[in-house]
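**Q** See upload06.pdb below, with PDB, C-alpha atoms and all ligand atoms.
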```pdb
ATOM      1  CA  MET I   1     120.226  80.969  47.194
ATOM      2  CA  LEU I   2     119.116  81.322  50.804
ATOM      3  CA  ALA I   3     115.647  80.853  52.168
ATOM      4  CA  ARG I   4     114.407  84.340  53.016
ATOM      5  CA  ALA I   5     111.813  86.123  55.042
ATOM      6  CA  ASN I   6     111.310  88.695  52.267
ATOM      7  CA  ARG I   7     111.913  88.763  48.538
ATOM      8  CA  ARG I   8     115.586  89.730  48.517
ATOM      9  CA  SER I   9     117.910  86.975  47.387
ATOM     10  CA  ILE I  10     121.409  86.525  48.772
ATOM     11  CA  SER I  11     123.863  83.979  47.394
ATOM     12  CA  HIS I  12     126.007  81.708  49.561
ATOM     13  CA  GLU I  13     129.073  83.415  48.077
ATOM     14  CA  SER I  14     127.821  86.844  49.184
ATOM     15  CA  VAL I  15     127.245  85.601  52.714
ATOM     16  CA  LEU I  16     130.713  84.036  52.824
ATOM     17  CA  ALA I  17     132.299  87.293  51.588
ATOM     18  CA  GLU I  18     130.338  89.353  54.112
ATOM     19  CA  VAL I  19     131.222  87.070  57.026
ATOM     20  CA  LYS I  20     134.915  87.264  56.051
ATOM     21  CA  SER I  21     134.815  91.038  55.845
ATOM     22  CA  LEU I  22     132.963  91.245  59.172
ATOM     23  CA  PHE I  23     135.744  89.209  60.807
ATOM     24  CA  GLN I  24     138.282  91.745  59.451
ATOM     25  CA  SER I  25     136.259  94.793  60.445
ATOM     26  CA  PRO I  26     137.454  97.009  63.339
ATOM     27  CA  THR I  27     133.868  97.124  64.573
ATOM     28  CA  TRP I  28     133.675  93.307  64.893
ATOM     29  CA  ARG I  29     132.992  92.330  68.502
ATOM     30  CA  PRO I  30     133.624  88.636  69.194
ATOM     31  CA  PRO I  31     132.499  87.139  72.520
ATOM     32  CA  THR I  32     134.382  88.036  75.687
ATOM     33  CA  PHE I  33     135.516  85.630  78.389
ATOM     34  CA  PRO I  34     134.647  86.156  82.084
ATOM     35  CA  ALA I  35     137.569  87.747  83.953
ATOM     36  CA  ALA I  36     137.184  85.429  86.951
ATOM     37  CA  ALA I  37     137.634  82.375  84.708
ATOM     38  CA  MET I  38     140.799  83.852  83.185
ATOM     39  CA  GLU I  39     142.119  84.646  86.658
ATOM     40  CA  LEU I  40     141.419  81.100  87.805
ATOM     41  CA  LEU I  41     143.105  79.748  84.684
ATOM     42  CA  SER I  42     146.339  81.639  85.353
ATOM     43  CA  LEU I  43     146.192  80.911  89.099
ATOM     44  CA  THR I  44     145.984  77.168  88.495
ATOM     45  CA  GLU I  45     149.121  77.314  86.340
ATOM     46  CA  ARG I  46     151.040  78.224  89.495
ATOM     47  CA  GLU I  47     152.400  75.444  91.638
ATOM     48  CA  ASP I  48     152.075  77.472  94.848
ATOM     49  CA  MET I  49     148.367  78.155  94.396
ATOM     50  CA  GLU I  50     146.222  77.591  97.464
ATOM     51  CA  ILE I  51     142.611  76.400  97.506
ATOM     52  CA  GLY I  52     141.514  79.635  99.185
ATOM     53  CA  GLN I  53     142.913  81.669  96.275
ATOM     54  CA  ALA I  54     140.903  79.650  93.774
ATOM     55  CA  ALA I  55     137.766  80.156  95.870
ATOM     56  CA  ASP I  56     138.452  83.907  96.127
ATOM     57  CA  ALA I  57     138.876  84.235  92.357
ATOM     58  CA  LEU I  58     135.666  82.333  91.723
ATOM     59  CA  GLY I  59     133.821  84.308  94.387
ATOM     60  CA  ARG I  60     134.221  87.423  92.255
ATOM     61  CA  ASP I  61     131.821  85.922  89.720
ATOM     62  CA  PRO I  62     128.612  84.759  91.423
ATOM     63  CA  VAL I  63     127.382  82.844  88.370
ATOM     64  CA  LEU I  64     130.590  80.830  88.031
ATOM     65  CA  ALA I  65     130.731  80.292  91.798
ATOM     66  CA  ALA I  66     127.151  79.013  91.807
ATOM     67  CA  GLN I  67     127.934  76.565  88.993
ATOM     68  CA  VAL I  68     130.950  75.179  90.842
ATOM     69  CA  VAL I  69     128.942  74.687  94.047
ATOM     70  CA  LYS I  70     126.105  73.096  92.073
ATOM     71  CA  ARG I  71     128.468  70.628  90.382
ATOM     72  CA  ALA I  72     130.142  69.757  93.682
ATOM     73  CA  ARG I  73     126.706  68.986  95.135
ATOM     74  CA  SER I  74     125.629  66.877  92.153
ATOM     75  CA  ALA I  75     125.122  63.124  92.440
ATOM     76  CA  ALA I  76     128.368  62.503  90.554
ATOM     77  CA  TYR I  77     130.447  64.151  93.283
ATOM     78  CA  ALA I  78     128.237  63.635  96.341
ATOM     79  CA  GLY I  79     130.086  62.748  99.522
ATOM     80  CA  ARG I  80     129.150  62.138 103.127
ATOM     81  CA  GLN I  81     129.204  65.818 103.969
ATOM     82  CA  VAL I  82     126.988  68.224 102.106
ATOM     83  CA  VAL I  83     128.977  70.964 100.382
ATOM     84  CA  SER I  84     127.821  74.309 101.745
ATOM     85  CA  THR I  85     130.582  76.792 100.916
ATOM     86  CA  LEU I  86     132.542  77.666  97.816
ATOM     87  CA  LYS I  87     135.786  76.568  99.452
ATOM     88  CA  GLU I  88     134.265  73.176 100.285
ATOM     89  CA  ALA I  89     133.134  72.884  96.666
ATOM     90  CA  VAL I  90     136.699  73.532  95.456
ATOM     91  CA  VAL I  91     138.014  70.876  97.825
ATOM     92  CA  ARG I  92     135.355  68.386  96.670
ATOM     93  CA  LEU I  93     136.047  68.890  92.960
ATOM     94  CA  GLY I  94     139.800  69.329  93.336
ATOM     95  CA  VAL I  95     141.742  72.182  91.741
ATOM     96  CA  SER I  96     141.692  70.683  88.262
ATOM     97  CA  GLY I  97     137.998  69.754  88.482
ATOM     98  CA  THR I  98     137.075  73.234  89.766
ATOM     99  CA  ARG I  99     139.045  74.916  87.018
ATOM    100  CA  ASN I 100     137.385  72.805  84.349
ATOM    101  CA  VAL I 101     133.848  73.329  85.690
ATOM    102  CA  ALA I 102     134.530  77.087  85.818
ATOM    103  CA  LEU I 103     135.855  77.061  82.224
ATOM    104  CA  GLU I 104     132.832  75.072  80.988
ATOM    105  CA  SER I 105     130.454  77.492  82.730
ATOM    106  CA  ALA I 106     132.359  80.512  81.426
ATOM    107  CA  MET I 107     132.099  79.214  77.861
ATOM    108  CA  THR I 108     128.393  78.531  78.305
ATOM    109  CA  MET I 109     127.827  82.071  79.589
ATOM    110  CA  SER I 110     129.865  83.850  76.956
ATOM    111  CA  CYS I 111     129.419  81.669  73.876
ATOM    112  CA  PHE I 112     126.719  79.034  74.081
ATOM    113  CA  THR I 113     123.830  81.129  75.369
ATOM    114  CA  GLY I 114     121.815  83.339  73.042
ATOM    115  CA  SER I 115     118.288  84.041  71.952
ATOM    116  CA  GLN I 116     118.948  83.108  68.309
ATOM    117  CA  ASN I 117     120.082  79.741  66.940
ATOM    118  CA  ALA I 118     119.636  78.124  70.360
ATOM    119  CA  ALA I 119     119.708  74.558  68.979
ATOM    120  CA  LEU I 120     122.994  75.167  67.143
ATOM    121  CA  ARG I 121     124.541  76.741  70.238
ATOM    122  CA  GLU I 122     123.433  73.817  72.384
ATOM    123  CA  SER I 123     124.860  71.318  69.881
ATOM    124  CA  LEU I 124     128.153  73.241  69.923
ATOM    125  CA  ARG I 125     128.151  73.334  73.737
ATOM    126  CA  ARG I 126     127.644  69.596  74.098
ATOM    127  CA  HIS I 127     130.220  68.885  71.398
ATOM    128  CA  SER I 128     132.815  71.235  72.916
ATOM    129  CA  VAL I 129     132.344  69.891  76.449
ATOM    130  CA  ALA I 130     132.566  66.297  75.219
ATOM    131  CA  VAL I 131     135.717  66.997  73.180
ATOM    132  CA  ALA I 132     137.278  68.751  76.205
ATOM    133  CA  HIS I 133     136.754  65.756  78.499
ATOM    134  CA  LEU I 134     137.728  63.208  75.850
ATOM    135  CA  ALA I 135     140.876  65.160  74.897
ATOM    136  CA  ARG I 136     141.803  65.337  78.571
ATOM    137  CA  GLY I 137     141.275  61.584  78.974
ATOM    138  CA  THR I 138     143.303  60.889  75.838
ATOM    139  CA  ALA I 139     146.130  63.078  77.143
ATOM    140  CA  VAL I 140     146.161  61.152  80.435
ATOM    141  CA  VAL I 141     146.480  57.839  78.566
ATOM    142  CA  ALA I 142     149.150  59.223  76.225
ATOM    143  CA  GLY I 143     151.152  60.948  78.965
ATOM    144  CA  ALA I 144     150.486  64.387  77.431
ATOM    145  CA  SER I 145     149.193  67.539  79.152
ATOM    146  CA  PRO I 146     145.624  66.832  80.361
ATOM    147  CA  GLU I 147     144.782  70.402  81.325
ATOM    148  CA  GLN I 148     145.975  71.937  78.057
ATOM    149  CA  SER I 149     144.063  69.275  76.154
ATOM    150  CA  PHE I 150     140.913  70.045  78.143
ATOM    151  CA  LEU I 151     141.214  73.776  77.481
ATOM    152  CA  CYS I 152     141.919  73.300  73.767
ATOM    153  CA  GLY I 153     139.080  70.793  73.449
ATOM    154  CA  LEU I 154     136.676  73.223  75.078
ATOM    155  CA  LEU I 155     137.743  76.167  72.902
ATOM    156  CA  HIS I 156     138.504  74.363  69.636
ATOM    157  CA  ASP I 157     135.301  75.373  67.847
ATOM    158  CA  LEU I 158     135.137  78.879  69.281
ATOM    159  CA  GLY I 159     135.349  80.121  65.703
ATOM    160  CA  SER I 160     131.999  78.453  64.998
ATOM    161  CA  VAL I 161     130.465  80.661  67.693
ATOM    162  CA  ALA I 162     131.977  83.636  65.869
ATOM    163  CA  THR I 163     130.389  82.425  62.626
ATOM    164  CA  LEU I 164     127.002  82.203  64.327
ATOM    165  CA  LEU I 165     127.356  85.725  65.726
ATOM    166  CA  ALA I 166     128.368  87.024  62.302
ATOM    167  CA  LEU I 167     125.320  85.420  60.652
ATOM    168  CA  GLU I 168     123.072  86.890  63.312
ATOM    169  CA  GLU I 169     124.606  90.328  62.735
ATOM    170  CA  LEU I 170     124.104  90.010  58.983
ATOM    171  CA  SER I 171     120.487  88.969  59.492
ATOM    172  CA  THR I 172     119.953  92.186  61.425
ATOM    173  CA  SER I 173     121.797  94.517  59.064
ATOM    174  CA  TRP I 174     120.298  93.002  55.899
ATOM    175  CA  GLU I 175     116.869  92.689  57.497
ATOM    176  CA  ILE I 176     116.493  89.125  56.252
ATOM    177  CA  GLN I 177     116.697  85.808  58.031
ATOM    178  CA  VAL I 178     120.051  84.250  57.089
ATOM    179  CA  ASP I 179     119.571  80.537  57.728
ATOM    180  CA  ALA I 180     122.629  79.376  59.708
ATOM    181  CA  ALA I 181     121.932  75.670  59.107
ATOM    182  CA  GLU I 182     121.672  76.186  55.364
ATOM    183  CA  MET I 183     124.863  78.252  55.267
ATOM    184  CA  TRP I 184     127.003  76.190  57.592
ATOM    185  CA  LEU I 185     128.889  73.944  55.200
ATOM    186  CA  HIS I 186     129.868  77.003  53.145
ATOM    187  CA  LEU I 187     131.307  78.752  56.206
ATOM    188  CA  ASP I 188     132.784  75.905  58.233
ATOM    189  CA  LEU I 189     136.263  76.341  56.759
ATOM    190  CA  LEU I 190     136.561  79.734  58.470
ATOM    191  CA  HIS I 191     136.314  78.476  62.020
ATOM    192  CA  PRO I 192     139.850  77.260  62.982
ATOM    193  CA  GLU I 193     141.403  80.638  62.157
ATOM    194  CA  GLN I 194     138.650  82.424  64.076
ATOM    195  CA  SER I 195     139.058  80.091  67.058
ATOM    196  CA  ALA I 196     142.734  81.102  67.173
ATOM    197  CA  ALA I 197     141.958  84.813  66.680
ATOM    198  CA  ILE I 198     139.506  84.928  69.583
ATOM    199  CA  ALA I 199     141.806  82.919  71.866
ATOM    200  CA  ARG I 200     144.565  85.447  71.078
ATOM    201  CA  MET I 201     142.242  88.302  71.964
ATOM    202  CA  TRP I 202     141.399  86.584  75.264
ATOM    203  CA  GLY I 203     145.103  86.344  76.125
ATOM    204  CA  MET I 204     145.320  82.556  75.931
ATOM    205  CA  PRO I 205     148.809  80.961  75.797
ATOM    206  CA  ASP I 206     150.522  80.581  72.400
ATOM    207  CA  THR I 207     150.236  76.779  72.485
ATOM    208  CA  VAL I 208     146.457  77.047  72.824
ATOM    209  CA  ILE I 209     146.258  79.554  69.964
ATOM    210  CA  ASP I 210     148.358  77.294  67.700
ATOM    211  CA  VAL I 211     146.292  74.214  68.513
ATOM    212  CA  LEU I 212     142.975  75.949  67.856
ATOM    213  CA  GLY I 213     144.179  77.276  64.525
ATOM    214  CA  HIS I 214     145.246  73.811  63.349
ATOM    215  CA  HIS I 215     142.843  71.390  64.960
ATOM    216  CA  HIS I 216     141.763  70.061  61.573
ATOM    217  CA  ASP I 217     145.155  69.804  59.853
ATOM    218  CA  LEU I 218     147.798  69.020  62.521
ATOM    219  CA  SER I 219     150.399  71.103  60.658
ATOM    220  CA  LEU I 220     152.237  71.751  63.927
ATOM    221  CA  LYS I 221     155.426  70.659  65.610
ATOM    222  CA  GLY I 222     156.403  69.866  69.197
ATOM    223  CA  ALA I 223     154.021  70.283  72.146
ATOM    224  CA  PRO I 224     151.193  71.953  70.170
ATOM    225  CA  ARG I 225     151.125  68.947  67.786
ATOM    226  CA  THR I 226     150.728  66.597  70.748
ATOM    227  CA  VAL I 227     147.876  68.614  72.246
ATOM    228  CA  ALA I 228     146.194  69.042  68.846
ATOM    229  CA  SER I 229     146.413  65.275  68.345
ATOM    230  CA  THR I 230     144.398  64.696  71.523
ATOM    231  CA  VAL I 231     141.759  67.078  70.163
ATOM    232  CA  VAL I 232     141.680  65.302  66.780
ATOM    233  CA  LEU I 233     141.157  61.917  68.438
ATOM    234  CA  ALA I 234     138.664  63.347  70.922
ATOM    235  CA  GLU I 235     136.662  64.731  68.036
ATOM    236  CA  SER I 236     136.295  61.232  66.574
ATOM    237  CA  PHE I 237     135.496  59.728  70.008
ATOM    238  CA  ALA I 238     132.839  62.411  70.543
ATOM    239  CA  ASP I 239     131.353  61.473  67.193
ATOM    240  CA  GLU I 240     131.251  57.833  68.258
ATOM    241  CA  LEU I 241     129.448  58.758  71.495
ATOM    242  CA  GLY I 242     126.863  60.861  69.683
ATOM    243  CA  HIS I 243     128.394  64.252  70.499
ATOM    244  CA  SER I 244     129.437  65.444  67.070
ATOM    245  CA  PHE I 245     128.476  68.986  66.121
ATOM    246  CA  ARG I 246     125.324  68.626  64.075
ATOM    247  CA  VAL I 247     123.505  71.300  62.220
ATOM    248  CA  SER I 248     119.754  70.872  62.389
ATOM    249  CA  GLY I 249     118.154  70.229  59.056
ATOM    250  CA  GLN I 250     121.337  68.516  57.851
ATOM    251  CA  GLN I 251     121.682  65.249  59.697
ATOM    252  CA  ILE I 252     125.378  65.040  59.137
ATOM    253  CA  ALA I 253     128.287  65.660  61.401
ATOM    254  CA  VAL I 254     129.867  68.906  60.277
ATOM    255  CA  GLU I 255     133.390  67.896  61.213
ATOM    256  CA  SER I 256     134.815  64.513  60.422
ATOM    257  CA  ALA I 257     138.490  63.623  60.289
ATOM    258  CA  ASP I 258     139.823  61.360  57.582
ATOM    259  CA  GLU I 259     141.721  58.184  58.464
ATOM    260  CA  GLU I 260     145.081  59.763  57.571
ATOM    261  CA  LEU I 261     144.609  62.583  60.099
ATOM    262  CA  LEU I 262     143.526  60.135  62.814
ATOM    263  CA  SER I 263     146.534  57.959  62.063
ATOM    264  CA  ASP I 264     148.858  61.006  62.275
ATOM    265  CA  ALA I 265     147.320  61.880  65.646
ATOM    266  CA  ARG I 266     147.820  58.353  67.004
ATOM    267  CA  THR I 267     151.429  58.395  65.793
ATOM    268  CA  ALA I 268     152.103  61.815  67.365
ATOM    269  CA  LEU I 269     150.802  60.485  70.690
ATOM    270  CA  MET I 270     152.690  57.187  70.273
ATOM    271  CA  LEU I 271     149.519  55.262  71.000
ATOM    272  CA  GLU I 272     150.043  51.618  70.201
ATOM    273  CA  GLU I 273     146.796  50.365  71.713
ATOM    274  CA  ASP I 274     143.260  51.614  71.298
ATOM    275  CA  PRO I 275     142.872  54.211  74.088
ATOM    276  CA  ARG I 276     139.075  54.282  73.973
ATOM    277  CA  PRO I 277     138.218  51.747  76.728
ATOM    278  CA  VAL I 278     140.361  53.631  79.263
ATOM    279  CA  VAL I 279     139.369  57.082  78.037
ATOM    280  CA  PHE I 280     135.632  56.344  78.003
ATOM    281  CA  LYS I 281     135.789  54.892  81.505
ATOM    282  CA  GLN I 282     137.768  57.846  82.771
ATOM    283  CA  VAL I 283     135.442  60.529  81.410
ATOM    284  CA  LYS I 284     132.201  58.807  82.369
ATOM    285  CA  THR I 285     131.607  60.650  85.653
ATOM    286  CA  PRO I 286     132.851  64.160  84.788
ATOM    287  CA  LEU I 287     131.314  64.182  81.314
ATOM    288  CA  GLY I 288     128.047  62.763  82.612
ATOM    289  CA  ALA I 289     127.908  65.488  85.259
ATOM    290  CA  ALA I 290     128.834  68.174  82.717
ATOM    291  CA  LEU I 291     126.209  67.205  80.165
ATOM    292  CA  GLY I 292     123.447  66.439  82.628
ATOM    293  CA  ALA I 293     121.712  63.472  84.136
ATOM    294  CA  ASP I 294     120.395  62.267  80.776
ATOM    295  CA  GLU I 295     123.944  61.650  79.612
ATOM    296  CA  GLU I 296     124.796  59.621  82.697
ATOM    297  CA  ALA I 297     122.380  57.006  81.413
ATOM    298  CA  ARG I 298     124.047  56.737  77.993
ATOM    299  CA  PRO I 299     124.967  53.090  77.446
ATOM    300  CA  ALA I 300     127.825  53.928  75.108
ATOM    301  CA  LEU I 301     129.953  55.505  77.846
TER     302      LEU I 301
HETATM  303 FE    FE I 401     136.535  72.297  64.410
HETATM  304 FE    FE I 402     134.757  70.147  66.741
END
```
How does this structure look as C-alpha cells?
Ligand SMILES: [Fe+2]
Ligand SMILES: [Fe+2]

**A**
Amino acid sequence: MLARANRRSISHESVLAEVKSLFQSPTWRPPTFPAAAMELLSLTEREDMEIGQAADALGRDPVLAAQVVKRARSAAYAGRQVVSTLKEAVVRLGVSGTRNVALESAMTMSCFTGSQNAALRESLRRHSVAVAHLARGTAVVAGASPEQSFLCGLLHDLGSVATLLALEELSTSWEIQVDAAEMWLHLDLLHPEQSAAIARMWGMPDTVIDVLGHHHDLSLKGAPRTVASTVVLAESFADELGHSFRVSGQQIAVESADEELLSDARTALMLEEDPRPVVFKQVKTPLGAALGADEEARPAL
C-alpha cells in the first residue's frame, strides 16, 4: 500500500491500472515540444541549410535562443572573440552543437521542469542528457548516425516523464499524495511504449519512434537496431559515470541492462574494442558544459 496524506489506501495495482487507463484516455495531455526546436530539427536534416536559417528558427523562441547564446559563451566553448549575437553563437557551436543544445533546452523546458517531483525530474534530465552525449559518442566510434543517436538518447526515457505527469494527475484527482519514488518500480515497464507514443505525437521520424519503443529489448532490425544499440551502451556508460536514473529513497539504478543485451548491442555495432576511452574523451567537453561546471570536475570523465 502507498504512503498517504489521508486515511485512504490505494494499492500499487490500482495505481498501475489507473496510470494505464490515463495513458489511453482521450483527455490525456502529454508534454508538448517547442515548435522552434522541431523547426530547427527538420532544418538541420537538410544539406542546403544555412547558418542564418538556424539562427532565424531559434530566434522565434527567446528561451531557446538565450540558452544557445549562453552555452556558446560558456568556458567550454570560449574563444578569442566574445559571442554577442545569436548567429555568432550558432557559428561558435556549429550546426550540430547548436541543434543539440536547442534540443536539450527544449526537453528541459517541456519535460524536466515542474513544481512537483523536482528531484526525480532533475535525475531524469541529467540521465537523458548524459545518455544523449554518450550515444552520440558511441555512434561516432561505431560509424553509425551520431545525430540520430543523440536525439534518441535524449528522448529515450520520455515515457518516464509521462509516468510522472500521470502520477501527479492522480494525486490531484484522488486528493492523496501518490509517492512517485515508492511507485516507480511498479510503473517502469510502461515507459518505452510511452516514449514512442509521445515521439509519434511530436512528429518525430519513424526510426526515432522505433528506437524509443525498444530501447530496453533491441527487438529491431536494420538502422533502428544500430541506433538503439548506441542507446543501450550509452545507458551502461552513463551508469558507470554516475548518471543513471535514480529514484530518491531507493538507492538503486532504475534501469540496468543485462550482459546479454549489452553483448547484442556491441555485436550490432560491430565493436571489437572497448569504445569507452574514446567515447568518454569525446563527450567530456559537451557533456560537462551541458550538465554544468560541477560535472566538468568529475574525475571519471
Ligand atoms: Fe528507459
Ligand atoms: Fe534510461

**Q** Find the residues near ligand FE 402 (chain I). Use a cut-off of 9 Å, count all atoms listed in the file, and write them as a PDB file with C-alpha atoms, keeping the file's coordinate frame.

**A**
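File produced: selection13.pdb:
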```
ATOM      1  CA  LEU I 124     128.153  73.241  69.923  1.00  0.00           C
ATOM      2  CA  HIS I 127     130.220  68.885  71.398  1.00  0.00           C
ATOM      3  CA  SER I 128     132.815  71.235  72.916  1.00  0.00           C
ATOM      4  CA  VAL I 131     135.717  66.997  73.180  1.00  0.00           C
ATOM      5  CA  GLY I 153     139.080  70.793  73.449  1.00  0.00           C
ATOM      6  CA  HIS I 156     138.504  74.363  69.636  1.00  0.00           C
ATOM      7  CA  ASP I 157     135.301  75.373  67.847  1.00  0.00           C
ATOM      8  CA  SER I 160     131.999  78.453  64.998  1.00  0.00           C
ATOM      9  CA  HIS I 215     142.843  71.390  64.960  1.00  0.00           C
ATOM     10  CA  HIS I 216     141.763  70.061  61.573  1.00  0.00           C
ATOM     11  CA  VAL I 231     141.759  67.078  70.163  1.00  0.00           C
ATOM     12  CA  VAL I 232     141.680  65.302  66.780  1.00  0.00           C
ATOM     13  CA  ALA I 234     138.664  63.347  70.922  1.00  0.00           C
ATOM     14  CA  GLU I 235     136.662  64.731  68.036  1.00  0.00           C
ATOM     15  CA  ALA I 238     132.839  62.411  70.543  1.00  0.00           C
ATOM     16  CA  SER I 244     129.437  65.444  67.070  1.00  0.00           C
ATOM     17  CA  PHE I 245     128.476  68.986  66.121  1.00  0.00           C
ATOM     18  CA  VAL I 254     129.867  68.906  60.277  1.00  0.00           C
ATOM     19  CA  GLU I 255     133.390  67.896  61.213  1.00  0.00           C
ATOM     20  CA  SER I 256     134.815  64.513  60.422  1.00  0.00           C
TER      21      SER I 256
END
```

**Q** Would you translate the PyMOL selection byres (((chain I and resi 226) around 8) and not hetatm) into the concrete set of residues it matches in this file, as a short mmCIF file (atom, residue, chain, number, x, y, z; two decimals) with C-alpha atoms, keeping the file's coordinate frame?

**A**
```
data_model
loop_
_atom_site.label_atom_id
_atom_site.label_comp_id
_atom_site.auth_asym_id
_atom_site.auth_seq_id
_atom_site.Cartn_x
_atom_site.Cartn_y
_atom_site.Cartn_z
CA ALA I 144 150.49 64.39 77.43
CA GLY I 222 156.40 69.87 69.20
CA ALA I 223 154.02 70.28 72.15
CA PRO I 224 151.19 71.95 70.17
CA ARG I 225 151.12 68.95 67.79
CA VAL I 227 147.88 68.61 72.25
CA ALA I 228 146.19 69.04 68.85
CA SER I 229 146.41 65.28 68.34
CA THR I 230 144.40 64.70 71.52
CA ALA I 265 147.32 61.88 65.65
CA ALA I 268 152.10 61.82 67.36
CA LEU I 269 150.80 60.48 70.69
#
```

**Q** Find the residue from I:Val90, I:Val178, I:Val279, I:Leu151 that sits nearest to Val211 (chain I); use all atoms listed in the file when measuring.

**A** I:Leu151

**Q** Can you find the residues with an atom no farther than 12 Å from (129.6, 82.8, 92.2), counting all atoms listed in the file, and report them as a PyMOL selection string?

**A** chain I and resi 34+36-37+54-70+85-87+89+102+105-106

**Q** Could you check the closest approach to Ala162 (chain I) for each of I:Tyr77, I:Phe112, I:Phe237, I:Phe280 and tell me which residue wins, using only C-alpha atoms?

**A** I:Phe112

**Q** Measure the distance from CA of Leu93 (chain I) to CA of Ala72 (chain I) in Å and round it to one decimal.

**A**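 Answer for the CA of Leu93 (chain I) to CA of Ala72 (chain I) separation: 6.0 Å.
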
**Q** So, counting all atoms listed in the file, which residue among I:Arg121, I:Arg200, I:His214, I:His12 is closest to ligand FE 401 (chain I)?

**A**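 The closest residue to ligand FE 401 (chain I) is I:His214.
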
**Q** Any chance you could turn region 73-94 of chain I into a file with N, CA and C atoms, as a PDB file, in the first residue's frame?

**A**
```
ATOM      1  N   ARG I  73      28.823  31.031 -24.938  1.00  0.00           N
ATOM      2  CA  ARG I  73      29.690  31.923 -24.151  1.00  0.00           C
ATOM      3  C   ARG I  73      30.318  31.211 -22.962  1.00  0.00           C
ATOM      4  N   SER I  74      29.969  29.949 -22.749  1.00  0.00           N
ATOM      5  CA  SER I  74      30.479  29.236 -21.572  1.00  0.00           C
ATOM      6  C   SER I  74      31.966  28.930 -21.734  1.00  0.00           C
ATOM      7  N   ALA I  75      32.601  28.615 -20.615  1.00  0.00           N
ATOM      8  CA  ALA I  75      34.052  28.374 -20.615  1.00  0.00           C
ATOM      9  C   ALA I  75      34.425  27.264 -21.604  1.00  0.00           C
ATOM     10  N   ALA I  76      33.531  26.273 -21.739  1.00  0.00           N
ATOM     11  CA  ALA I  76      33.840  25.132 -22.596  1.00  0.00           C
ATOM     12  C   ALA I  76      34.002  25.533 -24.056  1.00  0.00           C
ATOM     13  N   TYR I  77      33.323  26.590 -24.472  1.00  0.00           N
ATOM     14  CA  TYR I  77      33.362  26.992 -25.882  1.00  0.00           C
ATOM     15  C   TYR I  77      33.975  28.367 -26.092  1.00  0.00           C
ATOM     16  N   ALA I  78      34.543  28.948 -25.032  1.00  0.00           N
ATOM     17  CA  ALA I  78      35.064  30.314 -25.131  1.00  0.00           C
ATOM     18  C   ALA I  78      36.129  30.409 -26.221  1.00  0.00           C
ATOM     19  N   GLY I  79      36.090  31.503 -26.951  1.00  0.00           N
ATOM     20  CA  GLY I  79      37.099  31.752 -27.981  1.00  0.00           C
ATOM     21  C   GLY I  79      37.689  33.130 -27.766  1.00  0.00           C
ATOM     22  N   ARG I  80      38.478  33.582 -28.714  1.00  0.00           N
ATOM     23  CA  ARG I  80      39.084  34.906 -28.579  1.00  0.00           C
ATOM     24  C   ARG I  80      38.048  36.016 -28.591  1.00  0.00           C
ATOM     25  N   GLN I  81      37.059  35.842 -29.468  1.00  0.00           N
ATOM     26  CA  GLN I  81      36.026  36.871 -29.601  1.00  0.00           C
ATOM     27  C   GLN I  81      34.822  36.489 -28.745  1.00  0.00           C
ATOM     28  N   VAL I  82      34.301  37.489 -28.042  1.00  0.00           N
ATOM     29  CA  VAL I  82      33.114  37.214 -27.240  1.00  0.00           C
ATOM     30  C   VAL I  82      31.906  37.091 -28.165  1.00  0.00           C
ATOM     31  N   VAL I  83      31.103  36.055 -27.935  1.00  0.00           N
ATOM     32  CA  VAL I  83      29.890  35.868 -28.735  1.00  0.00           C
ATOM     33  C   VAL I  83      28.855  36.894 -28.298  1.00  0.00           C
ATOM     34  N   SER I  84      28.346  37.689 -29.247  1.00  0.00           N
ATOM     35  CA  SER I  84      27.362  38.692 -28.846  1.00  0.00           C
ATOM     36  C   SER I  84      26.045  38.594 -29.610  1.00  0.00           C
ATOM     37  N   THR I  85      25.995  37.784 -30.659  1.00  0.00           N
ATOM     38  CA  THR I  85      24.714  37.633 -31.364  1.00  0.00           C
ATOM     39  C   THR I  85      24.373  36.147 -31.479  1.00  0.00           C
ATOM     40  N   LEU I  86      23.117  35.901 -31.798  1.00  0.00           N
ATOM     41  CA  LEU I  86      22.670  34.517 -31.935  1.00  0.00           C
ATOM     42  C   LEU I  86      23.409  33.823 -33.094  1.00  0.00           C
ATOM     43  N   LYS I  87      23.595  34.571 -34.179  1.00  0.00           N
ATOM     44  CA  LYS I  87      24.274  33.982 -35.333  1.00  0.00           C
ATOM     45  C   LYS I  87      25.717  33.599 -34.965  1.00  0.00           C
ATOM     46  N   GLU I  88      26.373  34.470 -34.210  1.00  0.00           N
ATOM     47  CA  GLU I  88      27.743  34.156 -33.766  1.00  0.00           C
ATOM     48  C   GLU I  88      27.748  32.909 -32.876  1.00  0.00           C
ATOM     49  N   ALA I  89      26.701  32.790 -32.058  1.00  0.00           N
ATOM     50  CA  ALA I  89      26.611  31.616 -31.173  1.00  0.00           C
ATOM     51  C   ALA I  89      26.479  30.341 -32.002  1.00  0.00           C
ATOM     52  N   VAL I  90      25.682  30.404 -33.077  1.00  0.00           N
ATOM     53  CA  VAL I  90      25.493  29.228 -33.936  1.00  0.00           C
ATOM     54  C   VAL I  90      26.818  28.866 -34.607  1.00  0.00           C
ATOM     55  N   VAL I  91      27.544  29.885 -35.035  1.00  0.00           N
ATOM     56  CA  VAL I  91      28.844  29.622 -35.669  1.00  0.00           C
ATOM     57  C   VAL I  91      29.799  28.993 -34.650  1.00  0.00           C
ATOM     58  N   ARG I  92      29.808  29.518 -33.425  1.00  0.00           N
ATOM     59  CA  ARG I  92      30.721  29.012 -32.397  1.00  0.00           C
ATOM     60  C   ARG I  92      30.427  27.543 -32.055  1.00  0.00           C
ATOM     61  N   LEU I  93      29.156  27.222 -31.916  1.00  0.00           N
ATOM     62  CA  LEU I  93      28.797  25.847 -31.518  1.00  0.00           C
ATOM     63  C   LEU I  93      28.771  24.879 -32.700  1.00  0.00           C
ATOM     64  N   GLY I  94      28.662  25.451 -33.917  1.00  0.00           N
ATOM     65  CA  GLY I  94      28.487  24.594 -35.090  1.00  0.00           C
ATOM     66  C   GLY I  94      27.019  24.195 -35.209  1.00  0.00           C
TER      67      GLY I  94
END
```
